[in-house]
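*Asks:* So here's model-v7.txt, just compact mmCIF, C-alpha atoms:
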# COMPACT_ATOMS: atom_id res chain seq x y z
CA MET A 1 77.17 -56.23 49.56
CA THR A 2 75.28 -55.15 52.66
CA ALA A 3 76.79 -56.36 55.90
CA ILE A 4 74.55 -58.52 58.05
CA ARG A 5 74.44 -57.17 61.57
CA GLY A 6 73.95 -59.63 64.40
CA PHE A 7 71.62 -59.10 67.33
CA VAL A 8 73.08 -56.75 69.92
CA GLY A 9 71.99 -57.78 73.41
CA ALA A 10 71.49 -55.59 76.43
CA SER A 11 74.63 -54.15 77.99
CA ARG A 12 75.64 -55.81 81.22
CA ARG A 13 78.32 -55.61 83.89
CA PRO A 14 79.40 -59.25 84.36
CA GLY A 15 79.04 -60.82 87.79
CA MET A 16 77.28 -57.81 89.34
CA LEU A 17 73.78 -57.81 90.79
CA GLY A 18 71.78 -54.71 90.06
CA VAL A 19 68.51 -53.58 88.53
CA HIS A 20 68.93 -52.61 84.89
CA SER A 21 65.94 -50.27 84.37
CA MET A 22 63.22 -48.20 85.89
CA ASP A 23 60.60 -50.46 84.34
CA SER A 24 57.47 -48.46 85.19
CA PHE A 25 55.72 -46.49 87.90
CA ASN A 26 52.18 -45.96 89.13
CA MET A 27 50.61 -42.76 90.34
CA VAL A 28 47.14 -42.27 91.79
CA VAL A 29 45.37 -39.12 90.53
CA PRO A 30 41.97 -37.65 91.38
CA ASN A 31 40.67 -37.55 87.80
CA LEU A 32 41.63 -40.00 85.05
CA GLN A 33 40.05 -37.96 82.28
CA GLN A 34 42.19 -34.96 83.21
CA ALA A 35 45.20 -37.26 83.30
CA LYS A 36 44.38 -38.62 79.86
CA ASP A 37 44.09 -35.09 78.48
CA PHE A 38 47.37 -33.97 80.08
CA TYR A 39 49.54 -36.93 79.09
CA GLY A 40 47.96 -37.18 75.66
CA THR A 41 48.76 -33.53 75.03
CA PHE A 42 52.29 -34.09 76.36
CA GLY A 43 52.81 -36.62 73.58
CA MET A 44 52.19 -39.98 75.23
CA ASP A 45 50.23 -42.90 73.83
CA VAL A 46 47.63 -43.09 76.62
CA ARG A 47 45.66 -46.32 76.67
CA GLU A 48 42.61 -47.20 78.75
CA GLU A 49 43.32 -50.43 80.62
CA GLY A 50 40.38 -51.47 82.76
CA ASN A 51 40.03 -48.94 85.55
CA SER A 52 43.43 -47.35 84.90
CA LEU A 53 45.46 -45.67 82.16
CA GLY A 54 48.67 -47.01 80.67
CA LEU A 55 51.39 -44.60 79.56
CA TYR A 56 53.24 -45.74 76.44
CA THR A 57 55.55 -44.11 73.94
CA PHE A 58 54.30 -44.33 70.37
CA GLY A 59 55.53 -47.35 68.47
CA HIS A 60 56.51 -49.32 71.58
CA ALA A 61 54.67 -52.08 73.40
CA HIS A 62 56.32 -51.47 76.77
CA ARG A 63 54.17 -49.73 79.37
CA ARG A 64 56.28 -46.99 80.94
CA GLY A 65 53.81 -45.98 83.63
CA SER A 66 50.24 -46.32 84.79
CA LEU A 67 47.67 -44.07 86.43
CA SER A 68 44.92 -45.09 88.82
CA GLU A 69 42.09 -42.98 90.24
CA GLY A 70 41.87 -42.08 93.91
CA ALA A 71 41.04 -39.29 96.32
CA SER A 72 44.31 -37.41 95.91
CA LYS A 73 47.57 -37.56 94.01
CA LYS A 74 49.98 -40.18 95.32
CA LEU A 75 53.02 -42.08 94.11
CA SER A 76 51.77 -45.64 94.42
CA TYR A 77 54.71 -47.84 93.45
CA LEU A 78 57.97 -48.16 91.53
CA SER A 79 58.80 -51.17 89.38
CA PHE A 80 62.40 -52.05 88.49
CA GLY A 81 63.53 -54.54 85.86
CA VAL A 82 66.18 -57.25 86.30
CA PHE A 83 67.65 -59.88 84.01
CA ASP A 84 65.93 -63.26 84.12
CA ASP A 85 68.97 -65.13 85.45
CA ASP A 86 69.38 -62.56 88.25
CA PHE A 87 65.83 -62.82 89.58
CA GLU A 88 66.19 -65.54 92.22
CA GLY A 89 69.54 -64.20 93.31
CA PHE A 90 67.93 -60.81 93.71
CA ARG A 91 65.15 -62.21 95.87
CA LYS A 92 67.69 -63.83 98.20
CA HIS A 93 69.80 -60.68 98.22
CA VAL A 94 66.88 -58.41 99.18
CA GLU A 95 65.78 -60.73 101.97
CA GLY A 96 69.40 -60.94 103.08
CA GLN A 97 69.35 -57.18 103.60
CA GLY A 98 66.62 -57.68 106.20
CA VAL A 99 63.88 -56.38 103.89
CA LYS A 100 60.48 -58.04 104.38
CA LEU A 101 58.76 -59.24 101.22
CA ILE A 102 55.05 -58.49 100.98
CA ASP A 103 52.10 -59.34 98.75
CA PRO A 104 51.51 -57.24 95.62
CA PRO A 105 48.70 -54.68 95.69
CA ALA A 106 45.26 -56.26 95.47
CA GLY A 107 44.12 -56.95 91.94
CA LEU A 108 47.52 -56.33 90.38
CA GLY A 109 49.05 -59.16 88.37
CA SER A 110 52.77 -59.43 88.95
CA ASN A 111 55.61 -61.77 88.09
CA GLY A 112 57.87 -60.07 90.61
CA PHE A 113 58.32 -59.66 94.33
CA TRP A 114 57.41 -56.64 96.44
CA PHE A 115 58.69 -54.74 99.46
CA ARG A 116 58.77 -51.22 100.87
CA ASP A 117 61.73 -48.86 100.73
CA HIS A 118 63.12 -46.74 103.58
CA ASP A 119 60.19 -44.30 103.21
CA GLY A 120 57.46 -46.91 102.90
CA VAL A 121 57.11 -46.59 99.10
CA LEU A 122 56.09 -49.84 97.40
CA VAL A 123 58.80 -51.33 95.18
CA GLU A 124 58.56 -54.23 92.75
CA ILE A 125 61.46 -56.21 91.31
CA ARG A 126 60.45 -58.05 88.15
CA VAL A 127 61.95 -59.81 85.17
CA ALA A 128 61.69 -57.36 82.28
CA GLU A 129 63.34 -56.24 79.09
CA LYS A 130 66.09 -53.67 79.56
CA THR A 131 64.53 -50.33 78.75
CA SER A 132 67.46 -48.24 79.95
CA PRO A 133 69.55 -47.42 76.88
CA ASN A 134 72.64 -49.48 76.05
CA SER A 135 74.47 -46.41 74.80
CA LYS A 136 74.04 -42.67 74.91
CA SER A 137 70.81 -41.72 73.16
CA GLU A 138 71.19 -39.98 69.83
CA THR A 139 70.34 -36.30 69.59
CA ASN A 140 69.61 -34.36 66.43
CA ASN A 141 70.32 -30.70 67.06
CA LEU A 142 70.94 -30.07 63.37
CA SER A 143 71.38 -26.89 61.39
CA VAL A 144 70.95 -26.35 57.68
CA PRO A 145 73.34 -24.76 55.19
CA ALA A 146 72.89 -21.30 53.71
CA ASN A 147 69.95 -20.68 51.39
CA GLN A 148 67.68 -23.26 53.03
CA ARG A 149 64.80 -22.82 55.47
CA GLY A 150 65.71 -24.27 58.87
CA ALA A 151 62.34 -24.21 60.61
CA SER A 152 59.01 -25.55 59.49
CA LEU A 153 55.96 -23.33 59.35
CA ARG A 154 54.19 -23.27 62.69
CA SER A 155 51.04 -24.61 61.04
CA GLN A 156 53.09 -27.60 59.91
CA ALA A 157 55.02 -28.17 63.15
CA ARG A 158 55.21 -31.83 64.10
CA THR A 159 53.97 -33.18 67.42
CA ALA A 160 56.64 -33.80 70.04
CA ARG A 161 56.54 -37.42 71.17
CA PRO A 162 58.87 -38.83 73.83
CA ARG A 163 60.97 -41.88 72.96
CA ARG A 164 61.19 -43.44 76.41
CA LEU A 165 60.92 -42.90 80.16
CA ALA A 166 64.21 -41.36 81.25
CA HIS A 167 64.00 -41.12 85.06
CA LEU A 168 61.93 -40.22 88.10
CA LEU A 169 62.69 -37.69 90.82
CA ILE A 170 61.26 -38.82 94.15
CA PHE A 171 60.71 -36.86 97.34
CA THR A 172 62.22 -38.47 100.43
CA ARG A 173 62.52 -37.64 104.10
CA ASP A 174 66.21 -38.60 104.14
CA VAL A 175 68.43 -38.41 101.07
CA ASP A 176 71.30 -40.26 102.79
CA GLN A 177 69.05 -43.18 103.70
CA ALA A 178 67.64 -43.25 100.17
CA VAL A 179 71.13 -43.58 98.69
CA ILE A 180 72.06 -46.30 101.18
CA PHE A 181 68.87 -48.27 100.64
CA TYR A 182 68.83 -48.15 96.85
CA ALA A 183 72.56 -48.90 96.63
CA ARG A 184 72.50 -51.88 99.00
CA THR A 185 69.15 -53.30 97.97
CA LEU A 186 68.87 -52.53 94.24
CA GLY A 187 72.53 -52.20 93.28
CA LEU A 188 72.22 -48.62 92.03
CA ARG A 189 75.24 -46.33 92.19
CA LEU A 190 75.56 -42.69 93.15
CA SER A 191 76.18 -40.40 90.20
CA ASP A 192 76.22 -37.02 91.93
CA ARG A 193 74.70 -35.27 94.91
CA SER A 194 74.47 -31.94 96.70
CA GLY A 195 74.79 -32.49 100.44
CA ASP A 196 71.61 -33.87 101.98
CA GLY A 197 69.41 -32.01 99.49
CA ILE A 198 69.50 -34.14 96.35
CA ALA A 199 71.15 -37.30 95.06
CA LEU A 200 71.07 -38.94 91.61
CA MET A 201 71.71 -42.64 90.92
CA HIS A 202 72.42 -44.76 87.85
CA GLY A 203 72.24 -48.45 86.97
CA ILE A 204 75.39 -50.56 86.75
CA HIS A 205 74.39 -52.27 83.49
CA GLY A 206 74.49 -49.05 81.47
CA SER A 207 72.02 -46.22 81.99
CA ASP A 208 71.58 -42.49 81.80
CA HIS A 209 73.36 -40.40 84.42
CA HIS A 210 70.35 -41.09 86.63
CA LEU A 211 67.38 -43.39 86.35
CA ILE A 212 66.14 -42.30 89.76
CA ALA A 213 66.90 -39.28 91.90
CA PHE A 214 65.91 -38.18 95.40
CA VAL A 215 65.20 -34.72 96.79
CA LYS A 216 64.66 -33.88 100.45
CA SER A 217 61.12 -33.25 101.64
CA ASP A 218 58.90 -33.94 104.63
CA GLY A 219 57.57 -37.15 103.13
CA PRO A 220 57.66 -39.37 100.04
CA GLY A 221 56.09 -38.45 96.71
CA LEU A 222 56.70 -37.95 93.01
CA HIS A 223 58.27 -34.68 91.93
CA HIS A 224 58.54 -35.48 88.22
CA CYS A 225 58.72 -38.13 85.58
CA SER A 226 61.21 -37.36 82.81
CA TRP A 227 60.79 -38.31 79.16
CA ASP A 228 63.55 -38.45 76.59
CA VAL A 229 63.18 -36.60 73.27
CA GLY A 230 65.63 -36.32 70.41
CA SER A 231 66.51 -32.63 70.28
CA ILE A 232 66.19 -29.18 71.80
CA GLU A 233 63.75 -28.47 68.95
CA GLU A 234 61.46 -31.23 70.25
CA ILE A 235 61.63 -29.78 73.75
CA GLY A 236 60.46 -26.45 72.34
CA LEU A 237 57.75 -28.06 70.25
CA GLY A 238 56.52 -29.96 73.29
CA ALA A 239 56.42 -26.84 75.42
CA MET A 240 54.40 -25.13 72.69
CA GLN A 241 51.91 -27.95 72.18
CA VAL A 242 51.06 -28.25 75.89
CA ALA A 243 50.82 -24.47 76.34
CA ASP A 244 48.45 -24.26 73.38
CA LYS A 245 46.14 -26.66 75.25
CA GLY A 246 46.23 -24.68 78.49
CA PHE A 247 49.07 -26.43 80.32
CA SER A 248 51.25 -23.35 80.52
CA LYS A 249 52.68 -23.69 84.04
CA GLY A 250 56.17 -25.13 84.26
CA TRP A 251 59.84 -24.30 83.99
CA GLY A 252 62.24 -24.09 81.07
CA LEU A 253 63.87 -24.02 78.61
CA GLY A 254 67.09 -24.64 80.50
CA ARG A 255 70.04 -26.94 81.00
CA HIS A 256 70.83 -28.92 84.11
CA VAL A 257 74.31 -29.23 85.57
CA LEU A 258 74.11 -32.75 87.02
CA GLY A 259 73.21 -34.94 84.06
CA SER A 260 73.76 -32.04 81.62
CA ASN A 261 70.36 -32.53 79.95
CA PHE A 262 68.33 -29.77 78.32
CA PHE A 263 64.87 -29.55 79.88
CA HIS A 264 61.41 -28.10 79.99
CA TYR A 265 59.06 -29.08 82.82
CA VAL A 266 55.29 -29.03 82.45
CA ARG A 267 53.17 -28.96 85.59
CA ASP A 268 50.31 -31.45 85.72
CA PRO A 269 46.91 -30.61 87.30
CA TRP A 270 48.06 -31.95 90.70
CA GLY A 271 51.38 -30.19 91.26
CA SER A 272 53.90 -32.69 89.92
CA TYR A 273 55.74 -32.35 86.63
CA SER A 274 56.51 -34.13 83.40
CA GLU A 275 59.86 -33.20 81.89
CA TYR A 276 60.94 -33.11 78.29
CA SER A 277 64.63 -34.07 78.48
CA SER A 278 67.33 -34.33 75.84
CA ASP A 279 71.04 -35.16 75.64
CA ILE A 280 71.55 -36.43 79.19
CA ASP A 281 74.95 -37.81 80.25
CA TYR A 282 75.39 -41.58 79.97
CA VAL A 283 77.25 -44.10 82.17
CA SER A 284 78.25 -47.27 80.33
CA ALA A 285 78.34 -50.70 81.92
CA ASP A 286 82.14 -50.81 81.91
CA HIS A 287 82.67 -47.38 83.46
CA ASP A 288 82.89 -46.29 87.10
CA TRP A 289 81.44 -42.78 87.26
CA ASP A 290 83.27 -40.35 89.51
CA ALA A 291 80.48 -39.18 91.82
CA GLY A 292 80.76 -35.68 93.26
CA ASP A 293 79.21 -33.76 96.13
CA HIS A 294 78.45 -30.33 94.73
CA ALA A 295 77.54 -26.94 96.16
CA ALA A 296 73.91 -25.98 95.63
CA GLU A 297 74.77 -23.42 92.93
CA ASP A 298 76.57 -26.14 90.98
CA ALA A 299 73.85 -28.78 91.30
CA PHE A 300 70.70 -27.36 89.75
CA TYR A 301 70.89 -25.59 86.38
CA ILE A 302 73.57 -23.79 84.43
CA TRP A 303 71.16 -21.59 82.46
CA GLY A 304 67.44 -21.01 82.15
CA PRO A 305 64.68 -18.94 83.73
CA THR A 306 64.17 -18.73 87.48
CA PRO A 307 62.16 -21.78 88.62
CA PRO A 308 58.68 -21.29 90.13
CA ASP A 309 58.63 -20.55 93.85
CA ASP A 310 56.83 -23.83 94.58
CA PHE A 311 58.93 -25.97 92.22
CA THR A 312 60.12 -28.25 95.05
CA VAL A 313 56.87 -28.31 97.06
CA ASN A 314 55.68 -31.84 97.76
CA TYR A 315 51.95 -31.54 97.11
CA GLU A 316 51.37 -35.14 98.09
CA ASN A 317 52.37 -34.24 101.62
CA SER A 318 51.05 -30.69 101.78
CA ALA A 319 47.58 -31.94 100.81
CA LYS A 320 47.34 -34.05 103.96
How does this structure look as structure tokens?

*Replies:*
Amino acid sequence: MTAIRGFVGASRRPGMLGVHSMDSFNMVVPNLQQAKDFYGTFGMDVREEGNSLGLYTFGHAHRRGSLSEGASKKLSYLSFGVFDDDFEGFRKHVEGQGVKLIDPPAGLGSNGFWFRDHDGVLVEIRVAEKTSPNSKSETNNLSVPANQRGASLRSQARTARPRRLAHLLIFTRDVDQAVIFYARTLGLRLSDRSGDGIALMHGIHGSDHHLIAFVKSDGPGLHHCSWDVGSIEEIGLGAMQVADKGFSKGWGLGRHVLGSNFFHYVRDPWGSYSEYSSDIDYVSADHDWDAGDHAAEDAFYIWGPTPPDDFTVNYENSAK
């Protein structure tokens, strides 16, 4: 007889106020058609939504990101999800931190409340489903036994398609202030850092090693959005499919130290990156991660090719 499995709800740390997910993000780009071509080739379900594009993963109704058209590339806003019964408490908490609430951007429907972070980046807190995983994501780095073919023919290779938004890496003027603001205001916790150069933060209700990270620059901006895939094979397939369409600039294959994920970064037409990521570390809701402050050589990657010279250039700021 088949066992009947009950509904498994979202993981949660009882009695603690904190965002549970990076719900979505918005970036302004100079050309929506180019954006549609890039993200479609990357493996996203790109949908036209009025005057913008929605970024979805195939088979899921949740919008992971959106793209609007403007004069130059710019990180427009970040949206974080909270549990329904935490929403009013969160509003009071944010205001209690001395943060001024503001109106949402013109023409944008929102069930949440808005404010600006330490760098002036727009942030929304909204009631949303928990899209951060409730356990470590499965990976399928499988081999086959003797006398069987392990790889498909290239002509029959499947398309790499991300499963979910994993995290964002954001440029900031002050990494210390970013950690303080996002810990006090959003309830995120430090996972690891390297001095004042980079810091990575996770959610208290169960999330990957980081759902947002900050790297020092001369102004705010988006360095990369990271997308979870199920294997190193899918990372390689993704790198191949974008290169075949002319998006050959990037960095990888490699493995990070902090977070431990395998990666390949693909550069978009405006100088930021989308990352194929697999097998990242996970912090469960009942665990207190031992955050470390690591030397630079121990905070970037353990193996892989040398990154491009301009890998950490903030093109949102340099374009001004």

*Asks:* Which residues, written as a VMD selection string, have at least one atom at most 12 Å from Val28 in chain A, with only C-alpha atoms counted and residues fewer than 4 positions away on the same chain left out?

*Replies:* chain A and resid 32 35 51 to 53 65 to 77 221 to 222 270 272 316

*Asks:* Could you write out the selected residues, including C-alpha atoms, as a PDB file, in the frame of the given file?

*Replies:*
ATOM      1  CA  LEU A  32      41.630 -40.000  85.050  1.00  0.00           C
ATOM      2  CA  ALA A  35      45.200 -37.260  83.300  1.00  0.00           C
ATOM      3  CA  ASN A  51      40.030 -48.940  85.550  1.00  0.00           C
ATOM      4  CA  SER A  52      43.430 -47.350  84.900  1.00  0.00           C
ATOM      5  CA  LEU A  53      45.460 -45.670  82.160  1.00  0.00           C
ATOM      6  CA  GLY A  65      53.810 -45.980  83.630  1.00  0.00           C
ATOM      7  CA  SER A  66      50.240 -46.320  84.790  1.00  0.00           C
ATOM      8  CA  LEU A  67      47.670 -44.070  86.430  1.00  0.00           C
ATOM      9  CA  SER A  68      44.920 -45.090  88.820  1.00  0.00           C
ATOM     10  CA  GLU A  69      42.090 -42.980  90.240  1.00  0.00           C
ATOM     11  CA  GLY A  70      41.870 -42.080  93.910  1.00  0.00           C
ATOM     12  CA  ALA A  71      41.040 -39.290  96.320  1.00  0.00           C
ATOM     13  CA  SER A  72      44.310 -37.410  95.910  1.00  0.00           C
ATOM     14  CA  LYS A  73      47.570 -37.560  94.010  1.00  0.00           C
ATOM     15  CA  LYS A  74      49.980 -40.180  95.320  1.00  0.00           C
ATOM     16  CA  LEU A  75      53.020 -42.080  94.110  1.00  0.00           C
ATOM     17  CA  SER A  76      51.770 -45.640  94.420  1.00  0.00           C
ATOM     18  CA  TYR A  77      54.710 -47.840  93.450  1.00  0.00           C
ATOM     19  CA  GLY A 221      56.090 -38.450  96.710  1.00  0.00           C
ATOM     20  CA  LEU A 222      56.700 -37.950  93.010  1.00  0.00           C
ATOM     21  CA  TRP A 270      48.060 -31.950  90.700  1.00  0.00           C
ATOM     22  CA  SER A 272      53.900 -32.690  89.920  1.00  0.00           C
ATOM     23  CA  GLU A 316      51.370 -35.140  98.090  1.00  0.00           C
TER      24      GLU A 316
END

*Asks:* Between A:His224, A:His287, A:His118, A:Arg63, which has the minimum distance to His209 in chain A (counting all atoms listed in the file)?

*Replies:*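 Between A:His224, A:His287, A:His118, A:Arg63, the residue approaching His209 in chain A most closely is A:His287.
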
*Asks:* Using only C-alpha atoms, which protein or nucleic acid residues come within 9 Å of Val266 in chain A? Drop anything in the same chain fewer than 6 positions from it, and give the result as a list in words.

*Replies:* Phe42, Ala239, Val242, Ala243, Phe247, Ser248, Lys249, Gly250, Trp251, Gly252, Ser272, Tyr273, Ser274, Glu275 and Tyr276 of chain A

*Asks:* Which value, in Å to one decimal, gives the distance between CA of Lys92 in chain A and CA of Asn26 in chain A?

*Replies:* 25.3 Å

*Asks:* Find the residue from A:Ile235, A:Leu200, A:Leu211, A:Val144 that sits nearest to Pro162 in chain A; use all atoms listed in the file when measuring.

*Replies:*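 Checking each of A:Ile235, A:Leu200, A:Leu211, A:Val144 against Pro162 in chain A, counting all atoms listed in the file, the winner is A:Ile235.
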
*Asks:* For Val313 in chain A, list every protein, DNA or RNA residue within 9 Å, evaluated using all atoms listed in the file, and leave out those in the same chain fewer than 4 positions away; present the list as a VMD selection string.

*Replies:* chain A and resid 217 223 271 to 272 309 317 to 318

*Asks:* Could you dump the residues just selected with C-alpha atoms as a PDB file, in the coordinates of the input?

*Replies:*
ATOM      1  CA  SER A 217      61.120 -33.250 101.640  1.00  0.00           C
ATOM      2  CA  HIS A 223      58.270 -34.680  91.930  1.00  0.00           C
ATOM      3  CA  GLY A 271      51.380 -30.190  91.260  1.00  0.00           C
ATOM      4  CA  SER A 272      53.900 -32.690  89.920  1.00  0.00           C
ATOM      5  CA  ASP A 309      58.630 -20.550  93.850  1.00  0.00           C
ATOM      6  CA  ASN A 317      52.370 -34.240 101.620  1.00  0.00           C
ATOM      7  CA  SER A 318      51.050 -30.690 101.780  1.00  0.00           C
TER       8      SER A 318
END

*Asks:* Show me, as CSV, the residues of range 192-298 of chain A having an atom within 8 Å of range 129-143 of chain A, each with the closest atom pair and its distance in Å, using all atoms listed in the file.

*Replies:*
residue,atom,partner,partner_atom,distance
A:Gly206,CA,A:Asn134,CA,5.7
A:Ser207,CA,A:Ser132,CA,5.4
A:Asp208,CA,A:Pro133,CA,7.3
A:Gly230,CA,A:Thr139,CA,4.8
A:Ser231,CA,A:Asn140,CA,5.2
A:Ile232,CA,A:Asn141,CA,6.5
A:Glu233,CA,A:Asn141,CA,7.2
A:Ser278,CA,A:Thr139,CA,7.2
A:Asp279,CA,A:Thr139,CA,6.2
A:Ile280,CA,A:Lys136,CA,8.0
A:Asp281,CA,A:Lys136,CA,7.3
A:Tyr282,CA,A:Lys136,CA,5.3
A:Ser284,CA,A:Ser135,CA,6.8

*Asks:* Find, counting all atoms listed in the file, the residue in A:Val179, A:Met44, A:Ala285, A:Met22 that gets nearest to Thr159 in chain A.

*Replies:*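 Under the stated criterion, the closest residue is A:Met44.
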
*Asks:* Could you jot down the CA of Ile180 in chain A to CA of Val121 in chain A separation for me, Å, one decimal place?

*Replies:*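 Separation between CA of Ile180 in chain A and CA of Val121 in chain A: 15.1 Å.
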
*Asks:* Restricting the calculation to all atoms listed in the file, which member of A:Gly109, A:Gly197, A:Gly40, A:Gly304 is positioned closest to Glu124 in chain A?

*Replies:* A:Gly109

*Asks:* List as a PyMOL selection string the residues having at least one atom at most 10 Å from position (80.2, -58.8, 85.0) as given in the file, counting all atoms listed in the file.

*Replies:* chain A and resi 12-17+204-205+285-286

*Asks:* Emit as JSON the padded axis-aligned box for all listed atoms of range 181-184 of chain A, 8 Å per side, with centre and edge lengths in Å to one decimal.

*Replies:*
{"center_x": 70.7, "center_y": -50.0, "center_z": 98.6, "size_x": 19.7, "size_y": 19.7, "size_z": 20.0}

*Asks:* Expressed in Å to a single decimal, how great is the separation between CA of Thr57 in chain A and CA of His256 in chain A?

*Replies:*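 So the answer is 23.8 Å.
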